[in-house]
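Q: Below you'll find the structure I mean.
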Amino acid sequence: MIQVAGLRKSFGGKSVLAGVDLAVGQGESLCVIGQSGTGKSVLLKCILGLTTPDAGQILWQGRPLDAATRPAFLSRFGMLFQGAALFDSLTVWQNVAFRLRQRMPDAQARAIAVEKLARVGLGPETADLMPAELSGGMAKRAGLARAIADDPAVIFFDEPTTGLDPIRARRINGLIRGIVRETGATAITITHDMDSVRAIGDRVALLENGRIVWDGPVSGMDHAAPLAGFLGNTPPL
Amino acid sequence: MKPVRLIGRAALSLTRGIGAVALFTGRGLFRLRPFHARAFAAQLVQIGWLSLPVVGLTALFTGAALALQIHSGGARFQAGDVVPAIVAIGMVRELGPVLGGLMVAARVASSIAAEIGTMKVTEQIDALVTLSTDPMRWLVTPRLWAAVLTVPVLVGVGDIIGIAGGWLVGTQSLGFNSAAYLANSAAYLERWDVVSGLLKGAVFGLIVAVCGCWFGIHSGRGAAGVGRATKSAVVAAAVGILAANFVLTGLFFE
């Protein structure tokens, strides 16, 4: 469904992505792991069109993802940001229904938003709160509700458990796993939390020095030497 | 050759910067579809309605102080009775637009830069893109048009309040007859005086919003980056208003 071939990106002469090759199939859940600064977020930004790669190709359903095809891709896309990235000036339900409000009446959009909030474990009383009134875990869940509000075919999760305590992190992992399985969406998760990988992923890819150095099923990662530093649920130094 | 090279580099960099801001302004003003009416309405309130107290108070005290200055200064050459006309012309042509613009710059350019800068560092602008929304159309266009449309209104209201401030001082402290003061204010005021001031207001509004949006979108990382963006937006808007005022005054009255 999404294929990345020979992707390269440098910043100020420093190579961040040095020829990344990656493919994710329809309905598959891929986790990309790697140490801080290895270019995981840059890879996401290149796919989203937020950063222009120096070389390489990104394909979506077999067609190059460019200025002409990206709007169609984004219309089937949802994303949970590391810090949730809820819009400060809008209430929680307005955040969740952001895209819906552009094509349907507010009452209808609000009803869907409240339903999605319930799906992530937030009651209707949170709908009219402002993002600043939410705890970190609630903001993540509201961000997750926004990501799934329009029933996307592709969902990206950028460090979904960063900043959460282990209990909340487990809850978020469980929610993501449930949502990905229920919706059958294609998922790409950027993380260095191996609990997330085990909970969410079908496949795991290790990004190191700007390249994918290991790519395989989650069930096989315990015996993969390149992943040894990541196992034990702590990121390597 | 080194100084020549340095001057050349600086000139190129300046030209590139002016070009980038001009393109940014053009895209902000004319990328109207889809037009985000809700965001525009919110900015009309933020930039226009909520700036009214600070612009009104500034105009009131400026008009009052101007009346005192003209009266005491004019007395030196037996021209103390020109207070109403000078206050009216001074407020409408110069002080209303410039001081109103500067107050809006202090209040609005800083808040726009801080808001957009914070949105940038917390990935809210990236989130807009993932939600199929062009940040220019959602963040910049409503602010630019709201400022262009509301600052002239603020200037007009400020003009009236400033003249009222002069009238208050003139009638309560300087011994002017109320009806005569108002008649004198109106008698020497021409339509172009008012229109030129309102046009200045529209240009100053554009400068304020462009500076706020530009520095916000190009904000650096973290709280320090947002702080720098906010400061730069206010300084650039204030200097831009004073420079534009000089150019526009030359165009309108020379």
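Chain labels run A, B, ... following the order of the structure tokens; each chain numbers its residues from 1, and ligands are numbered from 1 in the order shown.
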Give me every helix (DSSP H, G or I) residue in range 15-199 of chain A, going by DSSP on the backbone, as a PyMOL selection string.

A: chain A and resi 40-48+70-75+92-96+100-102+106-119+124-126+131-133+136-148+166-183+194-199

Q: Using DSSP on the backbone coordinates, identify all residues within range 166-234 of chain A classified as strand (DSSP E); present the result as a PyMOL selection string.

A: chain A and resi 186-191+203-208+211-217

Q: Counting only C-alpha atoms, which residues from chain B have an atom at most 7 Å from any atom of chain A, and could you show them as a list in words?

A: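 The complete set of qualifying residues is Thr122, Glu123, Gln124, Ala127, Thr130, Leu131 and Ser132 of chain B.
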
Q: Write out as a ChimeraX atom specification each polymer residue whose atoms come within 10 Å of Leu206 in chain B, counting only C-alpha atoms; drop sequence neighbours fewer than 4 positions from it.

A: /B:25,29,143-149,151,200-202,210-212,237,241

Q: Could you name the residues that touch Phe61 in chain B at 8 Å or less, counting only C-alpha atoms, but leaving out those on the same chain fewer than 3 positions away, as a PyMOL selection string?

A: chain B and resi 57-58+64-65+162+165

Q: Save the residues we just selected, N, CA and C atoms, as a short mmCIF file (atom, residue, chain, number, x, y, z; two decimals), in the first residue's frame?

A:
data_model
loop_
_atom_site.label_atom_id
_atom_site.label_comp_id
_atom_site.auth_asym_id
_atom_site.auth_seq_id
_atom_site.Cartn_x
_atom_site.Cartn_y
_atom_site.Cartn_z
N LEU B 57 -8.59 54.31 24.20
CA LEU B 57 -7.93 55.04 25.29
C LEU B 57 -6.73 55.84 24.76
N THR B 58 -5.97 55.21 23.85
CA THR B 58 -4.82 55.91 23.27
C THR B 58 -5.29 57.17 22.56
N ALA B 64 -6.64 64.70 23.83
CA ALA B 64 -6.66 65.63 24.97
C ALA B 64 -5.31 66.34 25.10
N ALA B 65 -4.21 65.56 25.02
CA ALA B 65 -2.88 66.15 25.15
C ALA B 65 -2.59 67.09 23.99
N GLY B 162 -10.55 60.61 19.67
CA GLY B 162 -9.46 61.58 19.82
C GLY B 162 -9.99 63.00 19.74
N GLY B 165 -11.71 63.76 22.81
CA GLY B 165 -10.75 64.06 23.89
C GLY B 165 -10.33 65.52 23.84
#

Q: Write out as a list of chain:residue names the residues lying within 6 Å of range 22-24 of chain A, counting only C-alpha atoms and excluding same-chain residues fewer than 3 positions away.

A: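 Everything that qualifies: A:Met1, A:Ile2, A:Gln3, A:Val4.
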
Q: What does the distance between CA of Leu117 in chain A and CA of Leu144 in chain A come to in Å, to one decimal place?

A: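 Distance between the two atoms: 8.6 Å.
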
Q: Residues within 9 Å of Leu52 in chain B, please, as a tab-separated table (two decimals) with N, CA and C atoms, in the first residue's frame. Count only C-alpha atoms; anything in the same chain fewer than 5 positions from it doesn't count.

A:
chain	number	residue	atom	x	y	z
B	47	ILE	N	-8.90	40.74	16.50
B	47	ILE	CA	-8.09	41.87	16.04
B	47	ILE	C	-8.87	43.18	16.15
B	57	LEU	N	-8.59	54.31	24.20
B	57	LEU	CA	-7.93	55.04	25.29
B	57	LEU	C	-6.73	55.84	24.76
B	154	LEU	N	-11.09	50.68	13.37
B	154	LEU	CA	-10.50	51.12	14.65
B	154	LEU	C	-9.96	52.54	14.53
B	157	VAL	N	-12.91	54.98	14.54
B	157	VAL	CA	-13.45	55.15	15.89
B	157	VAL	C	-12.45	55.93	16.75
B	158	GLY	N	-11.15	55.62	16.57
B	158	GLY	CA	-10.11	56.34	17.31
B	158	GLY	C	-10.10	57.82	16.96

Q: May I ask which of the residues B:Leu139, B:Ile70, B:Glu94, B:Leu174 is the closest one to Phe252 in chain B, counting only C-alpha atoms?

A: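 With only C-alpha atoms as the atom set, the closest residue is B:Glu94.
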
Q: Could you tell me which of A:Val204, A:Ala127, A:Ala118, A:Ile190 comes closest to Leu175 in chain A if we count only C-alpha atoms?

A: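 Ranked by minimum distance to Leu175 in chain A, first place goes to A:Ala118.
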
Q: Using only C-alpha atoms, which of A:Leu129, A:Leu65, A:Leu207, A:Ala113 sits nearest Val16 in chain A?

A: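 Looking at the shortest contact to Val16 in chain A, the residue is A:Leu207.
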
Q: Counting only C-alpha atoms, figure out which residue out of A:Arg211, A:Arg203, A:Arg119, A:Arg103 gets nearest to Gly6 in chain A.

A: A:Arg211

Q: Using only C-alpha atoms, which of the listed residues (B:Val247, B:Val108, B:Met136, B:Val121) sits closest to Ser219 in chain B?

A: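 Closest residue, counting only C-alpha atoms: B:Val121.
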
Q: With distances taken over only C-alpha atoms, which of B:Pro84, B:Trp138, B:Thr150, B:Ala22 is nearest to Val45 in chain B?

A: B:Thr150

Q: Any idea what's packed within 8 Å of range 159-162 of chain A, counting only C-alpha atoms, ignoring anything in its chain fewer than 4 positions away? Could you give it as an MDAnalysis selection string?

A: chainID A and resid 80:82 140 168:169 172:173 189:193 196

Q: If you keep C-alpha atoms, can you produce a file of those selected residues as a PDB file, in the first residue's frame?

A:
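Final output, selection.pdb:
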ATOM      1  CA  LEU A  80      -1.561  10.689  16.300  1.00  0.00           C
ATOM      2  CA  PHE A  81       1.222  13.173  17.068  1.00  0.00           C
ATOM      3  CA  GLN A  82       3.779  12.705  19.826  1.00  0.00           C
ATOM      4  CA  LYS A 140      -3.271  11.523  23.715  1.00  0.00           C
ATOM      5  CA  ARG A 168      -1.379   4.935  30.672  1.00  0.00           C
ATOM      6  CA  ALA A 169       1.102   3.755  28.059  1.00  0.00           C
ATOM      7  CA  ILE A 172      -2.873   3.677  24.795  1.00  0.00           C
ATOM      8  CA  ASN A 173      -1.160   0.620  23.295  1.00  0.00           C
ATOM      9  CA  THR A 189       4.122   3.507  14.284  1.00  0.00           C
ATOM     10  CA  ILE A 190       7.313   5.363  15.099  1.00  0.00           C
ATOM     11  CA  THR A 191       8.509   4.372  18.544  1.00  0.00           C
ATOM     12  CA  HIS A 192      11.358   3.189  20.705  1.00  0.00           C
ATOM     13  CA  ASP A 193       9.017   1.583  23.239  1.00  0.00           C
ATOM     14  CA  SER A 196       4.295  -0.644  21.930  1.00  0.00           C
TER      15      SER A 196
END

Q: Separation of CA of Leu182 in chain B and CA of Ile163 in chain B, in Å?

A: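 Calculated distance between CA of Leu182 in chain B and CA of Ile163 in chain B is 9.0 Å.
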